[in-house]
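Student: So here's structure-v9.txt (compact mmCIF, C-alpha atoms).
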```txt
# COMPACT_ATOMS: atom_id res chain seq x y z
CA MET L 1 98.17 77.01 91.32
CA ASN L 2 101.80 76.06 91.27
CA ALA L 3 103.43 76.31 94.69
CA GLU L 4 106.89 76.51 93.16
CA LYS L 5 106.08 79.71 91.38
CA ILE L 6 104.69 81.85 94.22
CA PRO L 7 107.46 84.13 95.53
CA ASP L 8 108.20 83.74 99.23
CA ILE L 9 107.58 87.44 99.75
CA ILE L 10 103.91 86.92 98.79
CA ILE L 11 103.64 83.83 100.99
CA GLY L 12 104.95 86.00 103.81
CA ARG L 13 102.07 88.44 103.45
CA LEU L 14 99.31 85.81 103.48
CA PRO L 15 99.46 85.20 107.27
CA VAL L 16 99.15 88.95 107.77
CA TYR L 17 96.03 89.02 105.60
CA LEU L 18 94.66 85.99 107.44
CA ARG L 19 95.18 87.65 110.81
CA ALA L 20 93.40 90.80 109.63
CA LEU L 21 90.51 88.71 108.27
CA GLN L 22 90.26 86.81 111.55
CA ARG L 23 90.03 90.07 113.45
CA LEU L 24 87.30 91.38 111.16
CA SER L 25 85.51 88.04 111.46
CA GLU L 26 85.66 88.20 115.27
CA LYS L 27 83.82 91.51 115.03
CA GLY L 28 81.07 89.74 113.06
CA ILE L 29 82.02 91.30 109.71
CA GLN L 30 81.32 89.08 106.68
CA THR L 31 82.81 90.91 103.70
CA THR L 32 85.75 93.19 103.10
CA SER L 33 87.56 94.97 100.29
CA SER L 34 91.20 95.19 99.30
CA GLN L 35 90.99 98.85 100.39
CA GLU L 36 89.79 97.99 103.89
CA LEU L 37 92.29 95.15 104.27
CA GLY L 38 95.02 97.44 102.99
CA GLU L 39 94.28 100.04 105.63
CA ILE L 40 94.44 97.41 108.37
CA VAL L 41 97.70 95.81 107.29
CA GLY L 42 99.45 98.82 105.75
CA ILE L 43 99.81 97.34 102.26
CA SER L 44 98.35 98.90 99.10
CA ALA L 45 95.00 97.62 97.87
CA ALA L 46 96.53 96.91 94.46
CA GLN L 47 99.24 94.74 96.01
CA ILE L 48 96.68 92.83 98.05
CA ARG L 49 94.53 92.15 94.98
CA LYS L 50 97.59 91.00 93.06
CA ASP L 51 98.78 88.74 95.90
CA ILE L 52 95.41 87.09 96.40
CA SER L 53 94.76 86.65 92.69
CA GLN L 54 97.85 84.39 92.53
CA PHE L 55 95.72 81.72 94.14
CA GLY L 56 92.56 82.08 92.06
CA GLU L 57 89.57 84.35 91.73
CA PHE L 58 88.24 85.33 95.13
CA GLY L 59 86.64 88.74 95.03
CA LYS L 60 83.93 90.08 92.81
CA GLN L 61 84.20 93.57 91.36
CA GLY L 62 82.04 95.79 93.53
CA THR L 63 81.16 93.25 96.21
CA GLY L 64 84.62 92.58 97.63
CA TYR L 65 85.81 89.44 99.39
CA SER L 66 83.73 87.03 101.45
CA ILE L 67 85.71 86.90 104.70
CA PRO L 68 84.83 83.29 105.68
CA PHE L 69 85.57 82.05 102.16
CA LEU L 70 88.88 83.91 101.83
CA MET L 71 89.93 82.77 105.33
CA GLU L 72 89.26 79.15 104.40
CA ARG L 73 91.29 79.45 101.23
CA LEU L 74 94.21 81.14 103.00
CA LYS L 75 94.18 78.46 105.70
CA ASP L 76 94.25 75.84 102.96
CA ILE L 77 97.14 77.49 101.19
CA LEU L 78 99.13 77.98 104.40
CA LYS L 79 98.26 74.43 105.57
CA VAL L 80 96.90 75.58 108.91
CA HIS L 81 93.58 73.77 108.76
CA ARG L 82 95.42 71.01 110.54
CA VAL L 83 97.06 71.60 113.94
CA TRP L 84 100.86 71.42 113.97
CA ASP L 85 102.73 70.28 117.06
CA VAL L 86 105.51 72.66 118.06
CA VAL L 87 108.34 72.20 120.56
CA ILE L 88 109.98 75.01 122.53
CA VAL L 89 113.70 74.70 123.21
CA GLY L 90 114.95 76.99 125.99
CA MET L 91 112.74 77.72 128.98
CA GLY L 92 114.00 81.12 130.00
CA ASP L 93 111.67 84.11 130.13
CA MET L 94 110.88 83.90 126.42
CA GLY L 95 110.23 80.16 126.49
CA HIS L 96 107.90 80.62 129.45
CA ALA L 97 106.09 83.43 127.68
CA LEU L 98 105.55 81.29 124.59
CA ALA L 99 104.50 78.20 126.59
CA ARG L 100 101.75 80.32 128.17
CA TYR L 101 100.89 82.37 125.07
CA ASN L 102 97.21 82.01 124.20
CA GLY L 103 97.52 83.28 120.64
CA PHE L 104 98.21 79.88 119.03
CA ALA L 105 94.70 78.47 119.44
CA ASN L 106 92.62 78.23 116.25
CA ARG L 107 95.55 79.37 114.18
CA GLY L 108 97.10 76.02 113.36
CA PHE L 109 99.55 75.38 116.20
CA ARG L 110 99.77 73.67 119.55
CA ILE L 111 102.74 73.56 121.91
CA SER L 112 103.55 69.91 122.32
CA MET L 113 106.72 69.73 124.45
CA VAL L 114 109.19 72.11 126.09
CA PHE L 115 112.89 71.58 126.76
CA ASP L 116 115.78 73.06 128.72
CA ASN L 117 119.27 71.86 129.62
CA ASP L 118 119.31 73.33 133.14
CA PRO L 119 118.96 70.53 135.76
CA GLU L 120 117.21 73.02 138.04
CA LYS L 121 114.49 73.50 135.44
CA THR L 122 114.04 70.01 133.99
CA GLY L 123 111.24 68.11 135.69
CA GLN L 124 109.55 71.39 136.72
CA LYS L 125 106.17 72.31 135.29
CA VAL L 126 105.29 75.32 133.14
CA GLY L 127 101.52 75.38 132.92
CA GLU L 128 100.60 71.92 131.70
CA PHE L 129 104.08 71.12 130.42
CA GLU L 130 106.87 69.28 132.16
CA ILE L 131 110.24 70.66 131.14
CA TYR L 132 112.23 67.86 129.50
CA ASP L 133 116.00 67.67 129.38
CA THR L 134 117.49 68.63 126.03
CA SER L 135 119.46 65.36 126.10
CA THR L 136 116.13 63.73 125.15
CA LEU L 137 115.30 66.35 122.50
CA ALA L 138 116.34 64.44 119.37
CA GLU L 139 114.68 61.23 120.48
CA LYS L 140 111.37 62.85 121.47
CA VAL L 141 111.18 65.06 118.38
CA LYS L 142 111.85 62.09 116.10
CA GLN L 143 109.41 59.82 117.92
CA ASN L 144 106.61 62.36 117.72
CA LYS L 145 107.44 63.41 114.15
CA ILE L 146 107.64 67.05 115.19
CA LYS L 147 108.38 69.34 112.25
CA ILE L 148 108.38 72.76 113.94
CA ALA L 149 110.44 74.23 116.79
CA MET L 150 110.71 77.59 118.52
CA LEU L 151 114.26 78.25 119.61
CA THR L 152 114.53 80.45 122.71
CA VAL L 153 117.98 79.51 123.99
CA PRO L 154 120.89 81.98 124.42
CA ALA L 155 122.76 82.88 121.22
CA THR L 156 125.72 80.71 122.26
CA ALA L 157 123.57 77.57 122.33
CA ALA L 158 121.33 78.27 119.33
CA GLN L 159 123.36 76.66 116.53
CA GLU L 160 123.97 73.46 118.46
CA MET L 161 120.29 73.11 119.34
CA ALA L 162 119.32 73.89 115.73
CA ASP L 163 121.67 71.14 114.53
CA GLN L 164 120.01 68.65 116.86
CA LEU L 165 116.53 69.70 115.79
CA VAL L 166 117.38 69.40 112.10
CA LYS L 167 118.96 65.98 112.62
CA ALA L 168 115.78 64.86 114.38
CA GLY L 169 113.62 65.90 111.44
CA VAL L 170 112.53 69.47 112.21
CA LYS L 171 111.90 71.45 109.02
CA ALA L 172 110.88 74.86 110.37
CA ILE L 173 112.55 76.86 113.15
CA LEU L 174 111.30 80.09 114.65
CA ASN L 175 114.50 81.58 116.06
CA TYR L 176 114.38 84.10 118.91
CA ALA L 177 118.13 84.01 119.51
CA PRO L 178 119.90 87.06 118.05
CA ILE L 179 122.11 85.06 115.67
CA SER L 180 121.86 83.66 112.14
CA LEU L 181 121.44 79.91 111.97
CA ASN L 182 123.12 77.68 109.40
CA VAL L 183 120.65 75.02 108.28
CA PRO L 184 120.29 72.80 105.21
CA GLU L 185 118.33 74.18 102.26
CA ASN L 186 115.25 72.10 103.01
CA VAL L 187 114.85 73.68 106.45
CA ARG L 188 113.12 77.04 106.92
CA VAL L 189 114.15 79.57 109.54
CA GLN L 190 112.23 82.66 110.56
CA TYR L 191 113.63 85.24 112.95
CA ILE L 192 111.72 87.15 115.60
CA ASP L 193 113.64 90.31 116.25
CA PRO L 194 111.96 93.22 118.03
CA VAL L 195 114.62 95.62 116.79
CA THR L 196 113.65 95.31 113.12
CA HIS L 197 110.10 96.29 114.08
CA LEU L 198 111.31 99.23 116.18
CA GLN L 199 113.58 100.45 113.38
CA ARG L 200 110.71 100.34 110.94
CA MET L 201 108.92 102.86 113.16
CA THR L 202 111.78 105.20 114.02
CA TYR L 203 111.99 106.13 110.33
CA TYR L 204 108.74 108.04 110.89
CA LEU L 205 109.73 109.70 114.17
CA ASP L 206 111.27 113.15 114.58
CA MET Z 1 115.33 111.69 98.84
CA ASN Z 2 111.77 112.45 99.73
CA ALA Z 3 110.62 110.61 102.83
CA GLU Z 4 106.97 111.01 101.91
CA LYS Z 5 107.35 109.02 98.74
CA ILE Z 6 109.06 105.85 99.96
CA PRO Z 7 106.44 103.11 100.41
CA ASP Z 8 106.24 101.68 103.92
CA ILE Z 9 106.82 98.20 102.55
CA ILE Z 10 110.31 99.26 101.44
CA ILE Z 11 111.00 100.94 104.77
CA GLY Z 12 110.03 97.65 106.40
CA ARG Z 13 112.74 95.79 104.52
CA LEU Z 14 115.57 98.21 105.40
CA PRO Z 15 115.98 96.95 109.00
CA VAL Z 16 116.24 93.42 107.62
CA TYR Z 17 119.02 94.51 105.25
CA LEU Z 18 120.72 96.36 108.10
CA ARG Z 19 120.65 93.29 110.32
CA ALA Z 20 122.14 91.13 107.56
CA LEU Z 21 124.87 93.74 106.96
CA GLN Z 22 125.63 93.88 110.68
CA ARG Z 23 126.05 90.11 110.75
CA LEU Z 24 128.39 90.17 107.75
CA SER Z 25 130.30 93.04 109.34
CA GLU Z 26 130.71 91.09 112.60
CA LYS Z 27 132.39 88.38 110.55
CA GLY Z 28 134.88 90.97 109.29
CA ILE Z 29 133.40 91.14 105.78
CA GLN Z 30 133.71 94.55 104.09
CA THR Z 31 131.77 94.29 100.84
CA THR Z 32 128.70 92.44 99.68
CA SER Z 33 126.46 92.12 96.63
CA SER Z 34 122.71 92.23 96.17
CA GLN Z 35 122.95 88.50 95.36
CA GLU Z 36 124.67 87.67 98.64
CA LEU Z 37 122.34 89.89 100.67
CA GLY Z 38 119.38 88.37 98.88
CA GLU Z 39 120.40 84.86 99.84
CA ILE Z 40 120.72 85.86 103.47
CA VAL Z 41 117.39 87.65 103.76
CA GLY Z 42 115.36 85.66 101.23
CA ILE Z 43 114.54 88.60 98.96
CA SER Z 44 115.48 88.78 95.27
CA ALA Z 45 118.67 90.62 94.32
CA ALA Z 46 116.68 92.80 91.91
CA GLN Z 47 114.29 93.86 94.67
CA ILE Z 48 117.18 94.69 96.99
CA ARG Z 49 118.90 96.82 94.34
CA LYS Z 50 115.63 98.60 93.64
CA ASP Z 51 114.92 99.22 97.33
CA ILE Z 52 118.39 100.56 98.08
CA SER Z 53 118.52 102.73 94.96
CA GLN Z 54 115.51 104.67 96.32
CA PHE Z 55 117.94 106.34 98.68
CA GLY Z 56 120.75 107.13 96.26
CA GLU Z 57 123.60 105.41 94.47
CA PHE Z 58 125.36 102.99 96.80
CA GLY Z 59 126.83 100.12 94.86
CA LYS Z 60 129.16 100.09 91.91
CA GLN Z 61 128.60 97.69 89.04
CA GLY Z 62 130.92 94.77 89.60
CA THR Z 63 132.28 95.77 93.01
CA GLY Z 64 129.10 95.56 95.04
CA TYR Z 65 128.25 97.46 98.20
CA SER Z 66 130.66 98.71 100.85
CA ILE Z 67 129.16 97.22 104.01
CA PRO Z 68 130.30 99.96 106.45
CA PHE Z 69 129.07 102.70 104.08
CA LEU Z 70 125.71 101.07 103.39
CA MET Z 71 125.21 100.38 107.11
CA GLU Z 72 125.87 104.05 107.92
CA ARG Z 73 123.38 105.18 105.31
CA LEU Z 74 120.70 102.74 106.46
CA LYS Z 75 121.20 103.82 110.07
CA ASP Z 76 120.82 107.44 108.94
CA ILE Z 77 117.66 106.70 107.02
CA LEU Z 78 116.14 104.67 109.86
CA LYS Z 79 117.28 107.28 112.43
CA VAL Z 80 119.07 104.75 114.59
CA HIS Z 81 122.39 106.54 114.86
CA ARG Z 82 120.89 108.04 117.96
CA VAL Z 83 119.75 105.88 120.88
CA TRP Z 84 116.00 105.87 121.54
CA ASP Z 85 114.63 105.34 125.03
CA VAL Z 86 111.94 102.68 125.17
CA VAL Z 87 109.51 101.78 127.97
CA ILE Z 88 108.08 98.31 128.57
CA VAL Z 89 104.51 98.12 129.84
CA GLY Z 90 103.60 94.75 131.35
CA MET Z 91 106.19 92.78 133.30
CA GLY Z 92 104.97 89.25 132.77
CA ASP Z 93 107.20 86.64 131.12
CA MET Z 94 107.45 88.60 127.89
CA GLY Z 95 108.23 91.90 129.62
CA HIS Z 96 110.93 90.19 131.65
CA ALA Z 97 112.39 88.60 128.53
CA LEU Z 98 112.55 91.98 126.78
CA ALA Z 99 113.98 93.79 129.82
CA ARG Z 100 116.85 91.29 129.80
CA TYR Z 101 117.21 90.99 126.03
CA ASN Z 102 120.73 91.84 124.92
CA GLY Z 103 119.87 92.40 121.26
CA PHE Z 104 119.07 96.13 121.56
CA ALA Z 105 122.64 97.32 122.10
CA ASN Z 106 124.25 99.12 119.15
CA ARG Z 107 121.03 98.97 117.21
CA GLY Z 108 119.47 102.24 118.30
CA PHE Z 109 117.48 101.39 121.42
CA ARG Z 110 117.80 101.31 125.18
CA ILE Z 111 115.20 100.16 127.69
CA SER Z 112 114.59 103.15 129.88
CA MET Z 113 111.76 102.18 132.28
CA VAL Z 114 109.47 99.22 132.93
CA PHE Z 115 105.92 99.21 134.30
CA ASP Z 116 103.31 96.88 135.71
CA ASN Z 117 100.02 97.37 137.57
CA ASP Z 118 100.45 94.41 139.93
CA PRO Z 119 101.26 95.66 143.48
CA GLU Z 120 103.23 92.46 144.05
CA LYS Z 121 105.53 93.37 141.17
CA THR Z 122 105.88 97.14 141.51
CA GLY Z 123 108.95 98.12 143.48
CA GLN Z 124 110.67 94.83 142.59
CA LYS Z 125 113.77 94.83 140.42
CA VAL Z 126 114.22 93.21 137.01
CA GLY Z 127 117.91 93.39 136.25
CA GLU Z 128 118.78 97.04 136.68
CA PHE Z 129 115.18 98.25 136.43
CA GLU Z 130 112.73 98.93 139.22
CA ILE Z 131 109.20 98.06 138.16
CA TYR Z 132 107.10 101.23 138.34
CA ASP Z 133 103.36 101.31 138.87
CA THR Z 134 101.38 101.97 135.70
CA SER Z 135 99.56 104.75 137.59
CA THR Z 136 102.75 106.78 137.07
CA LEU Z 137 103.11 105.75 133.41
CA ALA Z 138 101.69 108.85 131.73
CA GLU Z 139 103.60 111.23 133.98
CA LYS Z 140 106.97 109.47 133.61
CA VAL Z 141 106.63 109.01 129.85
CA LYS Z 142 105.76 112.66 129.36
CA GLN Z 143 108.50 113.90 131.67
CA ASN Z 144 111.17 111.86 129.89
CA LYS Z 145 109.79 112.61 126.42
CA ILE Z 146 109.62 108.88 125.62
CA LYS Z 147 108.38 108.22 122.10
CA ILE Z 148 108.52 104.41 121.94
CA ALA Z 149 106.83 101.70 124.02
CA MET Z 150 106.70 97.92 123.96
CA LEU Z 151 103.32 96.68 125.11
CA THR Z 152 103.42 93.27 126.80
CA VAL Z 153 100.22 93.37 128.86
CA PRO Z 154 97.33 90.88 128.47
CA ALA Z 155 95.00 91.52 125.54
CA THR Z 156 92.29 92.82 127.88
CA ALA Z 157 94.53 95.66 129.12
CA ALA Z 158 96.29 96.53 125.87
CA GLN Z 159 93.95 99.19 124.47
CA GLU Z 160 93.72 101.07 127.76
CA MET Z 161 97.50 101.11 128.15
CA ALA Z 162 97.92 102.16 124.52
CA ASP Z 163 95.50 105.06 125.11
CA GLN Z 164 97.56 106.22 128.09
CA LEU Z 165 100.82 105.93 126.16
CA VAL Z 166 99.46 107.91 123.22
CA LYS Z 167 98.09 110.59 125.50
CA ALA Z 168 101.53 110.88 127.11
CA GLY Z 169 103.21 111.44 123.75
CA VAL Z 170 104.27 107.98 122.58
CA LYS Z 171 104.37 107.77 118.77
CA ALA Z 172 105.46 104.17 118.21
CA ILE Z 173 104.14 101.03 119.91
CA LEU Z 174 105.48 97.52 119.50
CA ASN Z 175 102.48 95.42 120.48
CA TYR Z 176 102.91 91.87 121.76
CA ALA Z 177 99.29 91.52 122.85
CA PRO Z 178 97.23 89.46 120.40
CA ILE Z 179 94.77 92.25 119.58
CA SER Z 180 94.56 95.16 117.14
CA LEU Z 181 95.08 98.56 118.71
CA ASN Z 182 93.12 101.66 117.76
CA VAL Z 183 95.48 104.63 117.70
CA PRO Z 184 95.49 108.05 116.03
CA GLU Z 185 96.96 108.31 112.52
CA ASN Z 186 100.18 109.91 113.73
CA VAL Z 187 101.01 106.90 115.93
CA ARG Z 188 102.67 103.79 114.49
CA VAL Z 189 101.95 100.28 115.72
CA GLN Z 190 103.89 97.15 114.87
CA TYR Z 191 102.76 93.69 115.93
CA ILE Z 192 104.97 90.84 117.06
CA ASP Z 193 103.04 87.69 116.39
CA PRO Z 194 104.86 84.34 116.32
CA VAL Z 195 101.95 82.73 114.48
CA THR Z 196 102.40 84.78 111.30
CA HIS Z 197 106.01 83.57 111.17
CA LEU Z 198 105.00 79.96 111.78
CA GLN Z 199 102.30 80.13 109.09
CA ARG Z 200 104.81 81.48 106.61
CA MET Z 201 106.80 78.27 107.10
CA THR Z 202 103.99 75.69 107.15
CA TYR Z 203 103.23 76.62 103.53
CA TYR Z 204 106.45 74.78 102.64
CA LEU Z 205 105.88 71.73 104.87
CA ASP Z 206 104.26 68.45 103.81
```
If you took the structure in this file and wrote it as structure tokens, what would it be?
Tutor:
Amino acid sequence: MNAEKIPDIIIGRLPVYLRALQRLSEKGIQTTSSQELGEIVGISAAQIRKDISQFGEFGKQGTGYSIPFLMERLKDILKVHRVWDVVIVGMGDMGHALARYNGFANRGFRISMVFDNDPEKTGQKVGEFEIYDTSTLAEKVKQNKIKIAMLTVPATAAQEMADQLVKAGVKAILNYAPISLNVPENVRVQYIDPVTHLQRMTYYLD
Amino acid sequence: MNAEKIPDIIIGRLPVYLRALQRLSEKGIQTTSSQELGEIVGISAAQIRKDISQFGEFGKQGTGYSIPFLMERLKDILKVHRVWDVVIVGMGDMGHALARYNGFANRGFRISMVFDNDPEKTGQKVGEFEIYDTSTLAEKVKQNKIKIAMLTVPATAAQEMADQLVKAGVKAILNYAPISLNVPENVRVQYIDPVTHLQRMTYYLD
């Protein structure tokens, strides 16, 4: 397997497959097929077979995929067997929601620190986390070798915070602010935008 | 153009193209190319040309795409020239964040009503919205012919709320709860899951 050669669009589908497999697994199901997976995730069975075959031979004709085995391989490929520390920058409603979100467990991530620049918020607690001042962001991120951040500040502050994160060594930013970030080529940005999901559904409405 | 024949995976990319075009447009840019768009959204130029050509001839060889024209066509296709009313069910942190989110404007959506089942929340205001009791959900959704809901309740309540929404006529659900929903075939569900976005990035980290 040559990481350089797998298109990003395929990489982007692997977490969706992994989530579907985890849900099947939680129901006690041990094997699945590209057809069944396809129905769950809304991608054709042929595409799923093609995507997965990029990483080796997993399924057997007629018997389908072993769910535990395929999950292990996908976790390996996506590097989520380890637990990544993640910081949250911006403790408004969205930051609070993410700090308390219980969907990270067992999926490779752990919130490590949370930040805000509002003196009325810094020092306060959100669940187990004390809100740190963003003036200490670069130092703390560097010290703890944090590679991943979720950016939940207003659009006006997003680029400046992204710059600080990148300078401190962050390589992956999940951006909730409704603006495009400019980052160096070796930094990844993903956008969470409810509108793109809504628009994908309105196509089918009358 | 035959709506039945366009694969959902292509439909799913159109909102991403539209968002990129809107950002270019906000910068005053009038034309773009599949190369430029591809760099912004991380999809190959060839794929973009292929996707867009499903809906007719838009670009001219050598001159690229007219951004205003392509935006209009994408809005037509995605049915977001009109403004869709959306309800939010579950006024925890995430519901609050969405009720106050300013990224819906000019993109086809308007929050219309918000609901919670907590007597300490119902009757309170979130921005301009009064929080209604979920006991009135079905009635209000039906009365106002709402077709779209964002579901931000805890996982344990999500299926029950989804059932009520579907019964009241909702055809599209954006689900923030970390569980799979069972809905009839004529109802669309999209999932917002920060972990899938994070996992897509860890693949590239050391």
Student: With all atoms listed in the file counted and 7 Å as the cut-off, give the residues of chain L in contact with chain Z, each with its shortest interatomic distance in Å and the pair that gives it, as CSV.
Tutor:
```
residue,atom,partner,partner_atom,distance
L:Ile11,CA,Z:Arg200,CA,6.2
L:Gly12,CA,Z:Arg200,CA,5.3
L:Pro15,CA,Z:Thr196,CA,5.0
L:Val16,CA,Z:Thr196,CA,6.4
L:Ile77,CA,Z:Tyr203,CA,6.6
L:Leu78,CA,Z:Tyr203,CA,4.4
L:Lys79,CA,Z:Tyr203,CA,5.8
L:Asp93,CA,Z:Ala97,CA,4.8
L:Met94,CA,Z:Ala97,CA,5.4
L:His96,CA,Z:Asp93,CA,6.3
L:Ala97,CA,Z:Asp93,CA,4.8
L:Gly103,CA,Z:Pro178,CA,6.2
L:Phe104,CA,Z:Val195,CA,6.5
L:Ala172,CA,Z:Met201,CA,6.2
L:Leu174,CA,Z:Leu198,CA,6.9
L:Pro178,CA,Z:Gly103,CA,6.2
L:Arg188,CA,Z:Met201,CA,6.4
L:Gln190,CA,Z:His197,CA,6.3
L:Val195,CA,Z:Phe104,CA,6.5
L:Thr196,CA,Z:Pro15,CA,5.0
L:His197,CA,Z:Gln190,CA,6.3
L:Leu198,CA,Z:Leu174,CA,6.9
L:Gln199,CA,Z:Leu78,CA,6.1
L:Arg200,CA,Z:Gly12,CA,5.3
L:Met201,CA,Z:Ala172,CA,6.3
L:Thr202,CA,Z:Leu78,CA,6.0
L:Tyr203,CA,Z:Leu78,CA,4.4
```
Student: How big is the axis-aligned box around the listed atoms of segment 31-40 of chain L once 8 Å is added on each side, and where is its centre? Give both in Å to one decimal, as JSON.
Tutor:
```
{"center_x": 88.9, "center_y": 95.5, "center_z": 103.8, "size_x": 28.2, "size_y": 25.1, "size_z": 25.1}
```
Student: Could you give me, as a list in words, the residues within 12 Å of Leu21 of chain Z, counting only C-alpha atoms and dropping anything in the same chain fewer than 6 positions from it?
Tutor: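 Result of the neighbour search: Ser180 of chain L; Leu14, Pro15, Lys27, Gly28, Ile29, Gln30, Thr31, Thr32, Ser33, Ser34, Glu36, Leu37, Gly38, Ile40, Val41, Tyr65, Ser66, Ile67, Pro68, Phe69, Leu70, Met71, Glu72, Arg73, Leu74 and Lys75 of chain Z.
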Student: At what distance in Å, to one decimal, does atom CA of Ile111 of chain Z lie from atom CA of Lys167 of chain Z?
Tutor: 20.2 Å
Student: Measuring between only C-alpha atoms, which one of L:Ala168, L:Val126, L:Ile48, L:Val141 shows the shortest distance to Gln35 of chain L?
Tutor: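 Looking at the shortest contact to Gln35 of chain L, the residue is L:Ile48.
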Student: Using only C-alpha atoms, find the one residue out of Z:Glu26, Z:His81, Z:Pro184, Z:Lys5 that sits nearest to Phe55 of chain Z.
Tutor: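 With only C-alpha atoms as the atom set, the closest residue is Z:Lys5.
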Student: Identify the residues around (107.3, 96.8, 129.7) within a radius of 7 Å, measuring from all atoms listed in the file in the coordinates stated by the file, and give them as a PyMOL selection string.
Tutor: chain Z and resi 87-91+95+114-115+150-152
